[in-house]
>>> print(open('upload-v9.txt').read())   # compact mmCIF, C-alpha atoms
# COMPACT_ATOMS: atom_id res chain seq x y z
CA MET A 26 0.00 0.00 0.00
CA ASN A 27 1.46 3.27 -1.09
CA GLY A 28 -0.68 5.77 0.73
CA SER A 29 -2.84 6.05 3.81
CA HIS A 30 -5.91 6.77 1.63
CA GLU A 31 -5.65 3.24 0.26
CA ARG A 32 -5.64 1.56 3.65
CA LYS A 33 -8.67 -0.27 4.93
CA SER A 34 -9.99 1.06 8.22
CA ALA A 35 -11.51 -0.50 11.31
CA LEU A 36 -13.21 0.79 14.44
CA ILE A 37 -12.63 -1.63 17.31
CA ILE A 38 -14.83 -1.04 20.37
CA GLY A 39 -13.14 -2.52 23.45
CA ALA A 40 -9.42 -2.75 22.65
CA SER A 41 -7.81 -2.34 26.07
CA ARG A 42 -6.62 -5.94 26.26
CA GLY A 43 -7.34 -9.51 25.18
CA LEU A 44 -9.05 -10.12 21.85
CA GLY A 45 -9.87 -6.49 21.11
CA LEU A 46 -6.25 -5.43 21.52
CA GLY A 47 -5.03 -8.51 19.68
CA LEU A 48 -7.34 -7.89 16.72
CA SER A 49 -6.32 -4.24 16.57
CA LEU A 50 -2.65 -5.25 16.40
CA GLU A 51 -3.31 -7.91 13.75
CA LEU A 52 -5.15 -5.47 11.50
CA LEU A 53 -2.40 -2.89 11.98
CA ARG A 54 0.18 -5.47 10.94
CA ARG A 55 -1.90 -6.08 7.81
CA GLY A 56 -1.70 -2.40 6.93
CA TRP A 57 -5.10 -1.24 8.18
CA ASN A 58 -5.85 2.03 9.92
CA VAL A 59 -7.43 1.30 13.29
CA THR A 60 -9.47 3.48 15.63
CA ALA A 61 -9.47 1.63 18.96
CA THR A 62 -11.47 2.48 22.06
CA VAL A 63 -10.24 1.88 25.60
CA ARG A 64 -11.88 2.58 28.93
CA ALA A 65 -8.68 4.00 30.42
CA ALA A 66 -5.21 4.85 29.18
CA ILE A 67 -3.02 1.83 28.37
CA GLU A 68 0.76 1.62 28.11
CA ASN A 69 3.12 -0.82 26.38
CA SER A 70 0.24 -2.38 24.46
CA GLY A 71 2.10 -2.60 21.16
CA LEU A 72 -0.21 -0.04 19.56
CA GLU A 73 2.47 2.62 19.98
CA ALA A 74 4.48 0.89 17.24
CA PHE A 75 1.92 2.11 14.66
CA PRO A 76 1.65 5.87 15.28
CA GLU A 77 0.57 6.70 11.73
CA GLN A 78 -2.14 4.01 11.60
CA VAL A 79 -3.75 4.00 15.04
CA THR A 80 -6.11 6.40 16.77
CA LEU A 81 -7.05 5.84 20.41
CA ASP A 82 -10.26 7.08 21.97
CA THR A 83 -11.80 6.61 25.41
CA LEU A 84 -15.20 4.97 25.78
CA ASP A 85 -17.30 3.02 28.27
CA ILE A 86 -20.22 1.66 26.27
CA ASN A 87 -22.50 1.65 29.33
CA LYS A 88 -22.13 5.39 29.91
CA THR A 89 -24.36 7.56 27.73
CA SER A 90 -22.31 10.57 28.82
CA MET A 91 -19.34 9.03 26.98
CA VAL A 92 -21.19 7.40 24.07
CA THR A 93 -22.84 10.57 22.74
CA PRO A 94 -19.67 12.66 22.41
CA PHE A 95 -17.77 9.65 21.05
CA VAL A 96 -20.31 9.20 18.25
CA GLU A 97 -20.21 12.92 17.54
CA ARG A 98 -16.41 12.81 17.23
CA ARG A 99 -16.64 10.00 14.65
CA THR A 100 -19.69 11.23 12.71
CA GLY A 101 -18.97 11.44 8.99
CA MET A 102 -16.23 8.80 9.07
CA LEU A 103 -16.47 5.53 7.12
CA PHE A 104 -14.97 2.23 8.25
CA ASP A 105 -14.55 -1.05 6.41
CA VAL A 106 -15.13 -2.85 9.71
CA VAL A 107 -16.92 -1.75 12.88
CA PHE A 108 -16.31 -4.41 15.54
CA LEU A 109 -18.14 -4.40 18.87
CA ASN A 110 -15.88 -6.40 21.19
CA ALA A 111 -16.68 -5.10 24.68
CA GLY A 112 -17.90 -7.73 27.14
CA VAL A 113 -17.57 -9.17 30.65
CA MET A 114 -17.88 -12.55 32.31
CA ALA A 115 -20.73 -13.28 34.70
CA PRO A 116 -19.94 -12.77 38.40
CA LYS A 117 -17.89 -15.73 39.57
CA GLY A 118 -19.87 -18.50 41.21
CA LYS A 119 -23.20 -16.89 40.46
CA THR A 120 -26.16 -18.80 39.03
CA PRO A 121 -29.76 -17.78 38.28
CA GLU A 122 -30.52 -18.93 41.82
CA ASN A 123 -28.16 -16.55 43.64
CA VAL A 124 -27.32 -13.69 41.28
CA THR A 125 -28.53 -10.22 42.23
CA ALA A 126 -30.67 -8.00 40.03
CA GLU A 127 -27.84 -5.48 39.84
CA GLU A 128 -25.36 -8.14 38.68
CA VAL A 129 -27.72 -9.38 35.97
CA ALA A 130 -28.41 -5.84 34.82
CA HIS A 131 -24.69 -5.07 34.46
CA LEU A 132 -24.02 -8.33 32.62
CA MET A 133 -26.89 -7.92 30.17
CA MET A 134 -26.23 -4.23 29.56
CA THR A 135 -22.52 -4.77 28.90
CA ASN A 136 -22.79 -7.94 26.81
CA ALA A 137 -26.04 -7.41 24.91
CA VAL A 138 -27.94 -4.13 25.21
CA SER A 139 -25.12 -1.57 25.12
CA PRO A 140 -23.33 -3.14 22.12
CA ILE A 141 -26.57 -3.12 20.10
CA ARG A 142 -27.46 0.39 21.19
CA LEU A 143 -24.02 1.61 20.12
CA ALA A 144 -24.08 -0.40 16.89
CA GLY A 145 -27.27 1.39 15.89
CA LYS A 146 -25.49 4.71 16.26
CA LEU A 147 -22.38 3.50 14.41
CA ARG A 148 -24.29 1.87 11.54
CA PRO A 149 -23.97 4.96 9.27
CA MET A 150 -20.18 4.70 9.62
CA VAL A 151 -20.04 1.21 8.05
CA ARG A 152 -18.94 1.52 4.43
CA PRO A 153 -21.89 0.76 2.10
CA ASN A 154 -21.86 -2.52 0.18
CA THR A 155 -18.45 -3.80 1.32
CA GLY A 156 -18.48 -2.82 5.00
CA ILE A 157 -18.82 -5.27 7.91
CA LEU A 158 -20.53 -4.77 11.27
CA ALA A 159 -19.18 -7.43 13.64
CA PHE A 160 -19.97 -8.53 17.18
CA MET A 161 -17.86 -10.65 19.53
CA SER A 162 -20.30 -13.36 20.52
CA SER A 163 -19.52 -16.89 21.73
CA ARG A 164 -20.48 -20.46 20.94
CA LEU A 165 -21.88 -20.43 24.48
CA GLY A 166 -24.56 -18.10 23.11
CA SER A 167 -25.79 -20.85 20.77
CA VAL A 168 -29.13 -22.12 22.08
CA GLU A 169 -28.99 -25.15 19.78
CA SER A 170 -25.53 -26.19 21.00
CA ASN A 171 -26.25 -25.70 24.70
CA THR A 172 -26.32 -29.25 26.00
CA SER A 173 -23.88 -28.76 28.90
CA GLY A 174 -25.46 -25.87 30.78
CA MET A 175 -21.99 -24.31 31.11
CA ALA A 176 -21.79 -20.68 32.34
CA PRO A 177 -25.58 -20.17 32.23
CA LEU A 178 -25.66 -16.43 32.87
CA TYR A 179 -22.83 -15.62 30.45
CA SER A 180 -24.40 -17.93 27.86
CA ALA A 181 -27.72 -16.17 28.27
CA SER A 182 -26.09 -12.77 27.78
CA LYS A 183 -24.48 -13.90 24.51
CA ALA A 184 -27.72 -15.52 23.35
CA ALA A 185 -29.39 -12.18 24.05
CA LEU A 186 -26.69 -10.41 22.01
CA ASN A 187 -27.31 -12.78 19.10
CA SER A 188 -31.07 -12.27 19.28
CA LEU A 189 -30.78 -8.50 19.50
CA THR A 190 -28.34 -8.53 16.57
CA ARG A 191 -30.90 -10.43 14.49
CA SER A 192 -33.49 -7.81 15.40
CA LEU A 193 -31.10 -4.98 14.53
CA VAL A 194 -30.39 -6.52 11.12
CA ALA A 195 -34.14 -6.92 10.50
CA SER A 196 -34.71 -3.27 11.36
CA LEU A 197 -32.14 -2.13 8.81
CA GLY A 198 -34.31 -3.28 5.92
CA LYS A 199 -31.85 -3.64 3.05
CA PRO A 200 -28.64 -2.97 4.98
CA GLU A 201 -26.16 -3.29 2.09
CA ILE A 202 -23.59 -4.35 4.67
CA THR A 203 -22.39 -7.68 6.04
CA VAL A 204 -23.11 -8.52 9.69
CA ILE A 205 -21.08 -11.21 11.48
CA SER A 206 -21.45 -12.58 15.00
CA PHE A 207 -18.13 -14.20 15.93
CA HIS A 208 -17.21 -17.12 18.13
CA PRO A 209 -13.49 -16.42 18.69
CA GLY A 210 -12.70 -19.91 19.98
CA TRP A 211 -11.85 -20.74 23.58
CA VAL A 212 -8.95 -18.33 23.95
CA ARG A 213 -6.28 -17.93 26.63
CA THR A 214 -7.26 -14.47 27.90
CA ASP A 215 -8.17 -13.10 31.32
CA MET A 216 -11.73 -14.12 30.46
CA GLY A 217 -10.98 -17.50 28.84
CA GLY A 218 -8.44 -18.64 31.43
CA ALA A 219 -5.07 -20.38 31.21
CA ASN A 220 -6.46 -23.77 30.17
CA ALA A 221 -8.18 -22.55 26.99
CA ASP A 222 -7.56 -24.18 23.61
CA ILE A 223 -5.85 -21.44 21.60
CA ASP A 224 -3.84 -18.28 22.08
CA ILE A 225 -4.93 -14.75 21.18
CA GLU A 226 -2.79 -14.61 18.03
CA THR A 227 -4.40 -17.76 16.59
CA SER A 228 -7.88 -16.39 17.19
CA VAL A 229 -7.36 -12.86 15.88
CA THR A 230 -5.35 -13.99 12.84
CA GLY A 231 -8.32 -16.16 11.90
CA ILE A 232 -10.87 -13.43 12.61
CA ALA A 233 -8.93 -10.89 10.53
CA SER A 234 -8.78 -13.31 7.61
CA VAL A 235 -12.52 -13.98 7.85
CA LEU A 236 -13.20 -10.23 7.88
CA GLU A 237 -11.11 -9.77 4.75
CA ALA A 238 -12.77 -12.72 3.00
CA LYS A 239 -16.37 -11.82 3.86
CA ALA A 240 -16.37 -8.17 2.78
CA GLY A 241 -19.31 -7.58 0.45
CA THR A 242 -20.93 -10.99 0.95
CA GLY A 243 -23.97 -9.58 2.78
CA GLY A 244 -26.37 -11.15 5.23
CA HIS A 245 -25.95 -12.01 8.92
CA THR A 246 -23.91 -15.07 9.85
CA PHE A 247 -22.64 -16.68 13.07
CA LEU A 248 -19.08 -17.82 12.39
CA ASP A 249 -16.07 -19.06 14.34
CA TYR A 250 -12.55 -17.67 13.94
CA GLN A 251 -11.89 -20.11 11.09
CA GLY A 252 -14.99 -19.07 9.15
CA ASN A 253 -17.07 -22.13 10.06
CA THR A 254 -20.78 -21.66 10.68
CA VAL A 255 -21.93 -21.88 14.31
CA PRO A 256 -25.54 -23.01 15.03
CA TRP A 257 -27.85 -20.33 16.35
>>> encode(input="upload-v9.txt", output="structure tokens")
Amino acid sequence: MNGSHERKSALIIGASRGLGLGLSLELLRRGWNVTATVRAAIENSGLEAFPEQVTLDTLDINKTSMVTPFVERRTGMLFDVVFLNAGVMAPKGKTPENVTAEEVAHLMMTNAVSPIRLAGKLRPMVRPNTGILAFMSSRLGSVESNTSGMAPLYSASKAALNSLTRSLVASLGKPEITVISFHPGWVRTDMGGANADIDIETSVTGIASVLEAKAGTGGHTFLDYQGNTVPW
């Protein structure tokens, strides 16, 4: 790529660490321009190695007081990918029997409602025809595949994200964009734990390749990091 105007561009929501940071770095290595949001300043993340390609902004998706000015700062911009990655695990040891209303509210807002609410505001920034709106979901959000009952509250929050994403896509009419809900694999992050199957680099390399391959294909799909279809 000879000039910055030729670079593809991505907006990654939730890039402080883990998969969001890893995906930002992978796209930067591929020559993309990346606007990455963090909740607080981060140091020694690796992003500083790409000063001409990366823009950092501060955002907590649950705080309207931060969302509104963030959207205003980005209004008029076009991105090839807008990726909603922000999410949290359910409170440790909590089940539907002992979780508090406040804990459920925070989990559902962070993992399902706030990403969809923000995606609706960012939709005009997705490049027409070839742009992708992506959400970090999980295979645990698959109702069809849920035969283990693992992580019931977290699973429910991701199932809610998937359902709300379907509703968002339906409300767009003819969106002329591609929408992807991603299962990133079971990844060794703070959330996935040390015993997970794959490392961050394996996951985000796959996700980046899927994003590049699916541009312009249209529709709403639920895919893993290797591009395989995940049951709803």
>>> atom_distance(input="upload-v9.txt", atom1="CA of Glu31 in chain A", atom2="CA of Glu77 in chain A")
13.5 Å
>>> closest_residue(input="upload-v9.txt", among="A:Gly198, A:Pro209, A:Gly71, A:Leu147", to="Glu97 in chain A", atoms="only C-alpha atoms")
A:Leu147
>>> closest_residue(input="upload-v9.txt", among="A:Gly231, A:Pro140, A:Gly112, A:Pro149", to="Leu189 in chain A", atoms="all atoms listed in the file")
A:Pro140
>>> atom_distance(input="upload-v9.txt", atom1="CA of Gln251 in chain A", atom2="CA of Val212 in chain A")
13.3 Å
>>> closest_residue(input="upload-v9.txt", among="A:Tyr179, A:Tyr250, A:Trp257, A:Phe75", to="Ala233 in chain A", atoms="all atoms listed in the file")
A:Tyr250
>>> closest_residue(input="upload-v9.txt", among="A:Glu169, A:Asn154, A:Leu44, A:Lys146", to="Lys199 in chain A", atoms="only C-alpha atoms")
A:Asn154
>>> residues_near_point(input="upload-v9.txt", point="(-13.5, -9.2, 1.6)", cutoff="12 Å", atoms="all atoms listed in the file", output="PyMOL selection string")
chain A and resi 33+105-106+154-157+202-203+233-243
>>> write_last_selection(input="upload-v9.txt", atoms="C-alpha atoms", output="compact mmCIF listing (two decimals), in the frame of the given file")
# COMPACT_ATOMS: atom_id res chain seq x y z
CA LYS A 33 -8.67 -0.27 4.93
CA ASP A 105 -14.55 -1.05 6.41
CA VAL A 106 -15.13 -2.85 9.71
CA ASN A 154 -21.86 -2.52 0.18
CA THR A 155 -18.45 -3.80 1.32
CA GLY A 156 -18.48 -2.82 5.00
CA ILE A 157 -18.82 -5.27 7.91
CA ILE A 202 -23.59 -4.35 4.67
CA THR A 203 -22.39 -7.68 6.04
CA ALA A 233 -8.93 -10.89 10.53
CA SER A 234 -8.78 -13.31 7.61
CA VAL A 235 -12.52 -13.98 7.85
CA LEU A 236 -13.20 -10.23 7.88
CA GLU A 237 -11.11 -9.77 4.75
CA ALA A 238 -12.77 -12.72 3.00
CA LYS A 239 -16.37 -11.82 3.86
CA ALA A 240 -16.37 -8.17 2.78
CA GLY A 241 -19.31 -7.58 0.45
CA THR A 242 -20.93 -10.99 0.95
CA GLY A 243 -23.97 -9.58 2.78
>>> closest_residue(input="upload-v9.txt", among="A:Ile225, A:Met175, A:Ala66, A:Ile37", to="Lys119 in chain A", atoms="all atoms listed in the file")
A:Met175
>>> atom_distance(input="upload-v9.txt", atom1="CA of Met134 in chain A", atom2="CA of Asn187 in chain A")
13.6 Å
>>> closest_residue(input="upload-v9.txt", among="A:Thr125, A:Thr135, A:Thr60, A:Asn253", to="Arg99 in chain A", atoms="only C-alpha atoms")
A:Thr60
>>> closest_atom_pairs(input="upload-v9.txt", of="range 123-242 of chain A", to="range 49-52 of chain A", cutoff="8 Å", atoms="all atoms listed in the file", output="Markdown table")
| residue | atom | partner | partner_atom | distance |
| --- | --- | --- | --- | --- |
| A:Glu226 | CA | A:Glu51 | CA | 8.0 |
| A:Val229 | CA | A:Glu51 | CA | 6.7 |
| A:Thr230 | CA | A:Glu51 | CA | 6.5 |
| A:Ala233 | CA | A:Leu52 | CA | 6.7 |
>>> residues_around(input="upload-v9.txt", residues="Asn110 in chain A", least_positions_apart="6", cutoff="8 Å", atoms="all atoms listed in the file", output="list of chain:residue names")
A:Ile37, A:Ile38, A:Gly39, A:Ala40, A:Leu44, A:Gly45, A:Phe160, A:Met161
>>> axis_aligned_box(input="upload-v9.txt", around="range 73-78 of chain A", padding_each_side="4 Å", output="lines of an AutoDock Vina configuration file")
center_x = 1.2
center_y = 3.8
center_z = 15.8
size_x = 14.6
size_y = 13.8
size_z = 16.4
>>> residues_around(input="upload-v9.txt", residues="Ser196 in chain A", least_positions_apart="4", cutoff="12 Å", atoms="only C-alpha atoms", output="PyMOL selection string")
chain A and resi 141+145+148+189-192+200
>>> write_last_selection(input="upload-v9.txt", atoms="C-alpha atoms", output="short mmCIF file (atom, residue, chain, number, x, y, z; two decimals), in the frame of the given file")
data_model
loop_
_atom_site.label_atom_id
_atom_site.label_comp_id
_atom_site.auth_asym_id
_atom_site.auth_seq_id
_atom_site.Cartn_x
_atom_site.Cartn_y
_atom_site.Cartn_z
CA ILE A 141 -26.57 -3.12 20.10
CA GLY A 145 -27.27 1.39 15.89
CA ARG A 148 -24.29 1.87 11.54
CA LEU A 189 -30.78 -8.50 19.50
CA THR A 190 -28.34 -8.53 16.57
CA ARG A 191 -30.90 -10.43 14.49
CA SER A 192 -33.49 -7.81 15.40
CA PRO A 200 -28.64 -2.97 4.98
#
>>> residues_around(input="upload-v9.txt", residues="Arg42 in chain A", least_positions_apart="3", cutoff="10 Å", atoms="only C-alpha atoms", output="list in words")
Gly39, Gly45, Leu46, Gly47, Leu48, Ser49, Val63, Ile67, Ser70, Thr214 and Asp215 of chain A
